[in-house]
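**Student:** Quick one: the structure is below, and I'll ask about it shortly.
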Amino acid sequence: MTSSEVSLIESELRYRRLFESAQDGILILDAETGAITDVNPFLIKLLGFTRLEFINKKLWEVGAFKDVNASKDAFHSLQKNEYIRYKDLPLRAKHGRLIQVEFVSNVYLEGNKRVIQCNIRDITNRKQYLDRLIESEASLREQSVRDYLTGLFNRRYLEE
């Protein structure tokens with residue numbers, strides 16, 4: 001075995017290890033057809049679909065990506081722009097649970113073939129904490145401009 005063949009095998013093992021152990025979901029799509037060619041274990045666990053339910057399907061054929069027209073439009077946009085990012089995208093897990101995700105896709109060459117890599121990060125907890133923070137901030141603001149006993153607006157409110 002030549003050193004370049006050994007390097008190629010090592011590179012493939014390193015890639016596979018990273019892909020399999022990533023703590024974000026990863027989908028690999030054929031850039032021409034949109035068919036899913038690979039999915040990592042994290043995404044399978046996150047959404048509850050089996051590997052077979054992902055492979056060779058298009059995003060809009062997998063239950064998590066329910067909005068068929070939006071998924072098709074996003075795919076066509078990605079083919080043209082080669083990059084898409086959704087900061088807050090709801091996906092539906094197989095058993096109905098709604099999961100908030102950040103979704104980033106890039107197009108790149110793999111040999112002579114264009115592929116799309118979709119990175120999917122679960123932001124459900126981050127979103128819940130942010131919502132609670134906003135509610136808490138609104139509550140504190142309200143408390144700061146009202147008198148505790150009477151509920152009437154106080155001097156701070158008048159100054160604002």
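Residue names in the structure tokens use chain letters A, B, ... in the order shown, residue numbers from 1 in each chain, and ligand numbers from 1 in the order shown.
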Write out as a ChimeraX atom specification all residues of segment 4-156 of chain A that backbone DSSP assigns to helix (DSSP H, G or I).

**Tutor:** /A:4-21,41-47,51-54,59-61,68-81,124-145,155-156

**Student:** For the strand (DSSP E) assignment from backbone DSSP, which residues of segment 9-144 of chain A qualify? Please present them as a compact mmCIF listing (two decimals) with all heavy atoms, in the first residue's frame.

**Tutor:**
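Saved file result_31.txt follows:
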```txt
# COMPACT_ATOMS: atom_id res chain seq x y z
N GLY A 25 -26.87 17.43 14.04
CA GLY A 25 -27.34 16.57 12.95
C GLY A 25 -26.66 16.94 11.65
O GLY A 25 -26.41 18.12 11.39
N ILE A 26 -26.34 15.94 10.84
CA ILE A 26 -25.72 16.19 9.53
C ILE A 26 -26.44 15.36 8.49
O ILE A 26 -26.63 14.15 8.65
CB ILE A 26 -24.22 15.84 9.52
CG1 ILE A 26 -23.47 16.62 10.59
CG2 ILE A 26 -23.63 16.11 8.13
CD1 ILE A 26 -22.01 16.19 10.77
N LEU A 27 -26.86 16.03 7.42
CA LEU A 27 -27.43 15.37 6.25
C LEU A 27 -26.53 15.68 5.07
O LEU A 27 -26.06 16.80 4.93
CB LEU A 27 -28.82 15.93 5.92
CG LEU A 27 -30.00 15.51 6.75
CD1 LEU A 27 -31.23 16.30 6.32
CD2 LEU A 27 -30.26 14.03 6.62
N ILE A 28 -26.31 14.70 4.22
CA ILE A 28 -25.60 14.91 2.96
C ILE A 28 -26.62 14.64 1.85
O ILE A 28 -27.26 13.60 1.84
CB ILE A 28 -24.38 13.97 2.81
CG1 ILE A 28 -23.44 14.06 4.02
CG2 ILE A 28 -23.64 14.25 1.51
CD1 ILE A 28 -22.77 15.40 4.22
N LEU A 29 -26.75 15.61 0.93
CA LEU A 29 -27.70 15.49 -0.17
C LEU A 29 -26.98 15.53 -1.50
O LEU A 29 -25.95 16.19 -1.63
CB LEU A 29 -28.69 16.67 -0.17
CG LEU A 29 -29.37 17.09 1.11
CD1 LEU A 29 -30.21 18.33 0.87
CD2 LEU A 29 -30.24 15.97 1.63
N ASP A 30 -27.55 14.88 -2.49
CA ASP A 30 -27.11 15.02 -3.87
C ASP A 30 -27.60 16.41 -4.32
O ASP A 30 -28.80 16.69 -4.27
CB ASP A 30 -27.73 13.92 -4.73
CG ASP A 30 -27.32 14.01 -6.18
OD1 ASP A 30 -27.50 15.09 -6.78
OD2 ASP A 30 -26.86 13.00 -6.72
N ILE A 36 -31.31 12.50 -0.18
CA ILE A 36 -30.43 12.35 0.98
C ILE A 36 -29.56 11.12 0.75
O ILE A 36 -30.07 10.02 0.51
CB ILE A 36 -31.26 12.19 2.27
CG1 ILE A 36 -32.10 13.45 2.50
CG2 ILE A 36 -30.35 11.90 3.47
CD1 ILE A 36 -33.15 13.31 3.58
N THR A 37 -28.24 11.32 0.82
CA THR A 37 -27.33 10.20 0.60
C THR A 37 -26.70 9.69 1.89
O THR A 37 -26.20 8.57 1.94
CB THR A 37 -26.20 10.58 -0.39
OG1 THR A 37 -25.48 11.70 0.15
CG2 THR A 37 -26.78 10.93 -1.76
N ASP A 38 -26.71 10.53 2.94
CA ASP A 38 -26.15 10.08 4.23
C ASP A 38 -26.76 10.92 5.35
O ASP A 38 -27.15 12.07 5.14
CB ASP A 38 -24.62 10.23 4.23
CG ASP A 38 -23.92 9.23 5.15
OD1 ASP A 38 -24.62 8.50 5.90
OD2 ASP A 38 -22.68 9.18 5.12
N VAL A 39 -26.86 10.33 6.51
CA VAL A 39 -27.40 10.98 7.70
C VAL A 39 -26.62 10.47 8.89
O VAL A 39 -26.27 9.29 8.95
CB VAL A 39 -28.91 10.73 7.85
CG1 VAL A 39 -29.23 9.24 7.91
CG2 VAL A 39 -29.50 11.45 9.05
N TYR A 83 -25.52 28.47 -0.32
CA TYR A 83 -25.49 28.62 1.13
C TYR A 83 -26.87 29.06 1.61
O TYR A 83 -27.49 29.93 0.99
CB TYR A 83 -24.46 29.69 1.55
CG TYR A 83 -24.45 29.98 3.03
CD1 TYR A 83 -23.76 29.15 3.91
CD2 TYR A 83 -25.15 31.06 3.55
CE1 TYR A 83 -23.75 29.41 5.27
CE2 TYR A 83 -25.14 31.33 4.91
CZ TYR A 83 -24.44 30.50 5.77
OH TYR A 83 -24.44 30.75 7.11
N ILE A 84 -27.34 28.45 2.67
CA ILE A 84 -28.62 28.83 3.28
C ILE A 84 -28.49 28.68 4.78
O ILE A 84 -27.84 27.75 5.25
CB ILE A 84 -29.77 27.96 2.74
CG1 ILE A 84 -30.55 28.72 1.70
CG2 ILE A 84 -30.66 27.47 3.80
CD1 ILE A 84 -31.78 28.00 1.21
N ARG A 85 -29.10 29.62 5.51
CA ARG A 85 -29.08 29.52 6.97
C ARG A 85 -30.44 29.93 7.52
O ARG A 85 -30.96 30.99 7.15
CB ARG A 85 -28.01 30.41 7.57
CG ARG A 85 -27.98 30.31 9.07
CD ARG A 85 -26.87 31.12 9.66
NE ARG A 85 -26.84 30.89 11.10
CZ ARG A 85 -26.23 31.66 11.95
NH1 ARG A 85 -25.57 32.71 11.51
NH2 ARG A 85 -26.25 31.40 13.23
N TYR A 86 -30.98 29.09 8.37
CA TYR A 86 -32.20 29.41 9.11
C TYR A 86 -31.81 29.43 10.58
O TYR A 86 -31.34 28.43 11.10
CB TYR A 86 -33.29 28.36 8.89
CG TYR A 86 -33.76 28.27 7.46
CD1 TYR A 86 -33.32 27.25 6.63
CD2 TYR A 86 -34.64 29.22 6.94
CE1 TYR A 86 -33.75 27.17 5.31
CE2 TYR A 86 -35.07 29.15 5.63
CZ TYR A 86 -34.62 28.12 4.82
OH TYR A 86 -35.04 28.04 3.52
N LYS A 87 -31.99 30.57 11.23
CA LYS A 87 -31.61 30.69 12.63
C LYS A 87 -32.60 29.99 13.55
O LYS A 87 -32.26 29.61 14.66
CB LYS A 87 -31.50 32.16 13.03
CG LYS A 87 -30.34 32.85 12.37
CD LYS A 87 -30.26 34.28 12.82
CE LYS A 87 -29.10 34.97 12.15
NZ LYS A 87 -28.98 36.35 12.54
N ASP A 88 -33.84 29.86 13.09
CA ASP A 88 -34.88 29.30 13.94
C ASP A 88 -35.90 28.58 13.06
O ASP A 88 -36.79 29.20 12.50
CB ASP A 88 -35.55 30.42 14.74
CG ASP A 88 -36.56 29.91 15.74
OD1 ASP A 88 -36.69 28.68 15.91
OD2 ASP A 88 -37.24 30.75 16.36
N LEU A 89 -35.72 27.29 12.91
CA LEU A 89 -36.58 26.49 12.04
C LEU A 89 -37.22 25.38 12.86
O LEU A 89 -36.51 24.61 13.51
CB LEU A 89 -35.72 25.89 10.91
CG LEU A 89 -36.43 24.99 9.91
CD1 LEU A 89 -37.33 25.81 9.01
CD2 LEU A 89 -35.39 24.25 9.06
N PRO A 90 -38.54 25.28 12.86
CA PRO A 90 -39.17 24.18 13.61
C PRO A 90 -39.20 22.90 12.77
O PRO A 90 -39.59 22.92 11.62
CB PRO A 90 -40.59 24.71 13.87
CG PRO A 90 -40.86 25.66 12.75
CD PRO A 90 -39.52 26.22 12.33
N LEU A 91 -38.76 21.81 13.37
CA LEU A 91 -38.86 20.49 12.73
C LEU A 91 -39.73 19.61 13.62
O LEU A 91 -39.71 19.73 14.84
CB LEU A 91 -37.48 19.85 12.57
CG LEU A 91 -36.49 20.53 11.64
CD1 LEU A 91 -35.20 19.72 11.57
CD2 LEU A 91 -37.08 20.72 10.26
N ARG A 92 -40.47 18.73 13.00
CA ARG A 92 -41.35 17.84 13.75
C ARG A 92 -40.69 16.47 13.80
O ARG A 92 -40.39 15.87 12.78
CB ARG A 92 -42.71 17.76 13.08
CG ARG A 92 -43.64 16.87 13.79
CD ARG A 92 -44.91 17.42 14.36
NE ARG A 92 -45.30 18.78 14.23
CZ ARG A 92 -45.60 19.55 15.27
NH1 ARG A 92 -45.46 19.11 16.50
NH2 ARG A 92 -46.01 20.77 15.09
N LEU A 98 -42.15 18.96 18.61
CA LEU A 98 -41.60 20.05 17.81
C LEU A 98 -40.21 20.41 18.34
O LEU A 98 -40.03 20.62 19.54
CB LEU A 98 -42.52 21.27 17.89
CG LEU A 98 -42.27 22.36 16.87
CD1 LEU A 98 -42.52 21.84 15.45
CD2 LEU A 98 -43.19 23.54 17.14
N ILE A 99 -39.24 20.45 17.45
CA ILE A 99 -37.86 20.74 17.82
C ILE A 99 -37.41 21.99 17.06
O ILE A 99 -37.52 22.05 15.83
CB ILE A 99 -36.92 19.56 17.47
CG1 ILE A 99 -37.38 18.31 18.21
CG2 ILE A 99 -35.48 19.90 17.80
CD1 ILE A 99 -36.72 17.05 17.73
N GLN A 100 -36.93 22.99 17.79
CA GLN A 100 -36.41 24.21 17.18
C GLN A 100 -34.96 23.96 16.80
O GLN A 100 -34.17 23.52 17.63
CB GLN A 100 -36.50 25.38 18.15
CG GLN A 100 -37.90 25.70 18.60
CD GLN A 100 -38.79 26.19 17.47
OE1 GLN A 100 -38.33 26.82 16.52
NE2 GLN A 100 -40.06 25.89 17.54
N VAL A 101 -34.61 24.24 15.55
CA VAL A 101 -33.23 24.01 15.10
C VAL A 101 -32.68 25.21 14.35
O VAL A 101 -33.42 26.03 13.82
CB VAL A 101 -33.12 22.75 14.19
CG1 VAL A 101 -33.60 21.51 14.90
CG2 VAL A 101 -33.85 22.95 12.88
N GLU A 102 -31.37 25.27 14.34
CA GLU A 102 -30.64 26.16 13.45
C GLU A 102 -30.18 25.27 12.30
O GLU A 102 -29.63 24.19 12.53
CB GLU A 102 -29.45 26.75 14.20
CG GLU A 102 -28.62 27.69 13.38
CD GLU A 102 -27.47 28.26 14.19
OE1 GLU A 102 -26.66 27.47 14.69
OE2 GLU A 102 -27.41 29.48 14.33
N PHE A 103 -30.41 25.71 11.08
CA PHE A 103 -30.18 24.88 9.91
C PHE A 103 -29.24 25.63 8.96
O PHE A 103 -29.57 26.72 8.51
CB PHE A 103 -31.53 24.62 9.23
CG PHE A 103 -31.52 23.63 8.11
CD1 PHE A 103 -31.86 22.31 8.35
CD2 PHE A 103 -31.21 24.01 6.81
CE1 PHE A 103 -31.88 21.39 7.33
CE2 PHE A 103 -31.23 23.10 5.78
CZ PHE A 103 -31.57 21.78 6.03
N VAL A 104 -28.07 25.06 8.70
CA VAL A 104 -27.09 25.68 7.80
C VAL A 104 -26.72 24.67 6.72
O VAL A 104 -26.40 23.51 7.03
CB VAL A 104 -25.81 26.10 8.57
CG1 VAL A 104 -24.80 26.72 7.62
CG2 VAL A 104 -26.15 27.05 9.70
N SER A 105 -26.79 25.12 5.47
CA SER A 105 -26.45 24.23 4.35
C SER A 105 -25.41 24.88 3.45
O SER A 105 -25.46 26.09 3.21
CB SER A 105 -27.69 23.93 3.51
OG SER A 105 -28.63 23.22 4.25
N ASN A 106 -24.50 24.06 2.96
CA ASN A 106 -23.45 24.49 2.03
C ASN A 106 -23.37 23.50 0.88
O ASN A 106 -23.54 22.30 1.09
CB ASN A 106 -22.08 24.52 2.71
CG ASN A 106 -22.02 25.55 3.81
OD1 ASN A 106 -22.11 26.73 3.55
ND2 ASN A 106 -21.90 25.08 5.03
N VAL A 107 -23.05 24.02 -0.29
CA VAL A 107 -22.80 23.16 -1.45
C VAL A 107 -21.30 23.10 -1.66
O VAL A 107 -20.60 24.11 -1.56
CB VAL A 107 -23.47 23.74 -2.72
CG1 VAL A 107 -23.17 22.87 -3.93
CG2 VAL A 107 -24.98 23.86 -2.52
N TYR A 108 -20.78 21.90 -1.92
CA TYR A 108 -19.36 21.76 -2.22
C TYR A 108 -19.15 20.59 -3.17
O TYR A 108 -20.07 19.80 -3.41
CB TYR A 108 -18.51 21.61 -0.95
CG TYR A 108 -18.84 20.41 -0.09
CD1 TYR A 108 -18.19 19.19 -0.29
CD2 TYR A 108 -19.79 20.49 0.93
CE1 TYR A 108 -18.48 18.09 0.49
CE2 TYR A 108 -20.08 19.39 1.71
CZ TYR A 108 -19.42 18.19 1.49
OH TYR A 108 -19.71 17.10 2.27
N LEU A 109 -17.96 20.52 -3.71
CA LEU A 109 -17.64 19.43 -4.64
C LEU A 109 -17.06 18.24 -3.89
O LEU A 109 -16.22 18.40 -3.01
CB LEU A 109 -16.61 19.89 -5.68
CG LEU A 109 -17.14 20.77 -6.81
CD1 LEU A 109 -15.98 21.23 -7.69
CD2 LEU A 109 -18.19 20.06 -7.63
N GLU A 110 -17.53 17.08 -4.26
CA GLU A 110 -16.99 15.82 -3.76
C GLU A 110 -16.56 15.05 -5.02
O GLU A 110 -17.38 14.41 -5.66
CB GLU A 110 -18.08 15.07 -2.99
CG GLU A 110 -17.57 13.89 -2.19
CD GLU A 110 -18.71 13.25 -1.40
OE1 GLU A 110 -19.44 12.43 -2.00
OE2 GLU A 110 -18.87 13.59 -0.22
N LYS A 113 -18.71 15.69 -8.34
CA LYS A 113 -20.13 15.77 -8.03
C LYS A 113 -20.39 16.82 -6.95
O LYS A 113 -19.68 16.90 -5.96
CB LYS A 113 -20.59 14.39 -7.53
CG LYS A 113 -22.04 14.22 -7.42
CD LYS A 113 -22.35 12.77 -7.06
CE LYS A 113 -23.83 12.57 -6.95
NZ LYS A 113 -24.18 11.24 -6.57
N ARG A 114 -21.42 17.64 -7.17
CA ARG A 114 -21.82 18.63 -6.17
C ARG A 114 -22.70 17.97 -5.12
O ARG A 114 -23.64 17.24 -5.45
CB ARG A 114 -22.58 19.79 -6.82
CG ARG A 114 -21.68 20.69 -7.62
CD ARG A 114 -22.41 21.71 -8.47
NE ARG A 114 -23.77 22.03 -8.07
CZ ARG A 114 -24.18 23.20 -7.62
NH1 ARG A 114 -23.34 24.19 -7.50
NH2 ARG A 114 -25.44 23.41 -7.31
N VAL A 115 -22.38 18.22 -3.86
CA VAL A 115 -23.18 17.70 -2.75
C VAL A 115 -23.55 18.85 -1.82
O VAL A 115 -22.91 19.90 -1.83
CB VAL A 115 -22.46 16.58 -1.95
CG1 VAL A 115 -22.19 15.37 -2.81
CG2 VAL A 115 -21.19 17.09 -1.32
N ILE A 116 -24.57 18.61 -1.04
CA ILE A 116 -25.03 19.61 -0.07
C ILE A 116 -24.87 19.00 1.32
O ILE A 116 -25.31 17.89 1.56
CB ILE A 116 -26.50 19.99 -0.29
CG1 ILE A 116 -26.69 20.61 -1.68
CG2 ILE A 116 -27.00 20.92 0.81
CD1 ILE A 116 -28.14 20.78 -2.08
N GLN A 117 -24.22 19.75 2.19
CA GLN A 117 -24.11 19.32 3.59
C GLN A 117 -25.03 20.22 4.41
O GLN A 117 -24.91 21.43 4.37
CB GLN A 117 -22.68 19.44 4.10
CG GLN A 117 -22.57 19.04 5.56
CD GLN A 117 -21.14 19.06 6.06
OE1 GLN A 117 -20.23 18.71 5.33
NE2 GLN A 117 -20.96 19.49 7.29
N CYS A 118 -25.95 19.60 5.14
CA CYS A 118 -26.88 20.33 6.01
C CYS A 118 -26.49 20.04 7.46
O CYS A 118 -26.47 18.89 7.87
CB CYS A 118 -28.31 19.87 5.78
SG CYS A 118 -28.87 20.01 4.08
N ASN A 119 -26.16 21.08 8.20
CA ASN A 119 -25.87 20.95 9.63
C ASN A 119 -27.10 21.43 10.38
O ASN A 119 -27.57 22.55 10.15
CB ASN A 119 -24.64 21.77 10.01
CG ASN A 119 -23.39 21.20 9.40
OD1 ASN A 119 -23.43 20.41 8.49
ND2 ASN A 119 -22.26 21.63 9.90
N ILE A 120 -27.57 20.61 11.31
CA ILE A 120 -28.81 20.89 12.02
C ILE A 120 -28.52 20.85 13.52
O ILE A 120 -28.19 19.80 14.06
CB ILE A 120 -29.88 19.86 11.62
CG1 ILE A 120 -30.11 19.93 10.11
CG2 ILE A 120 -31.16 20.10 12.41
CD1 ILE A 120 -30.87 18.77 9.53
N ARG A 121 -28.64 22.02 14.16
CA ARG A 121 -28.33 22.14 15.59
C ARG A 121 -29.63 22.33 16.37
O ARG A 121 -30.42 23.22 16.05
CB ARG A 121 -27.40 23.33 15.82
CG ARG A 121 -27.15 23.59 17.29
CD ARG A 121 -26.02 24.56 17.49
NE ARG A 121 -24.80 23.86 17.12
CZ ARG A 121 -23.68 24.46 16.75
NH1 ARG A 121 -23.61 25.75 16.71
NH2 ARG A 121 -22.61 23.75 16.44
N ASP A 122 -29.82 21.51 17.39
CA ASP A 122 -31.00 21.62 18.25
C ASP A 122 -30.85 22.86 19.14
O ASP A 122 -29.93 22.94 19.94
CB ASP A 122 -31.13 20.36 19.11
CG ASP A 122 -32.36 20.35 19.99
OD1 ASP A 122 -33.12 21.34 19.99
OD2 ASP A 122 -32.57 19.35 20.69
```

**Student:** If we count only C-alpha atoms, what is near Glu20 of chain A at a cut-off of 9 Å, once residues fewer than 6 positions away on the same chain are taken out, given as a list in words?

**Tutor:**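 Answer for this query is Val39, Asn40, Pro41 and Phe42 of chain A.
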
**Student:** Report the distance between atom CA of Lys58 of chain A and atom CA of Glu32 of chain A in Å, rounded to one decimal place.

**Tutor:**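 Rounded to one decimal, the two atoms are 11.1 Å apart.
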
**Student:** With distances taken over only C-alpha atoms, which of A:Ile44, A:Ala93, A:Ile134, A:Ala35 is nearest to Leu59 of chain A?

**Tutor:** A:Ala35

**Student:** So what do you get for atom CA of Ser144 of chain A versus atom CA of Arg132 of chain A, distance-wise?

**Tutor:** 18.2 Å

**Student:** Rank nothing, just name the residue among A:His76, A:Ser3, A:His95, A:Ala138 nearest to Gly34 of chain A, using only C-alpha atoms.

**Tutor:**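 Closest to Gly34 of chain A of all the choices is A:His76.
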
**Student:** Suppose you want the space between atom CA of Arg51 of chain A and atom CA of Glu10 of chain A; what is it in Å?

**Tutor:**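 That distance, rounded to one decimal, is 25.1 Å.
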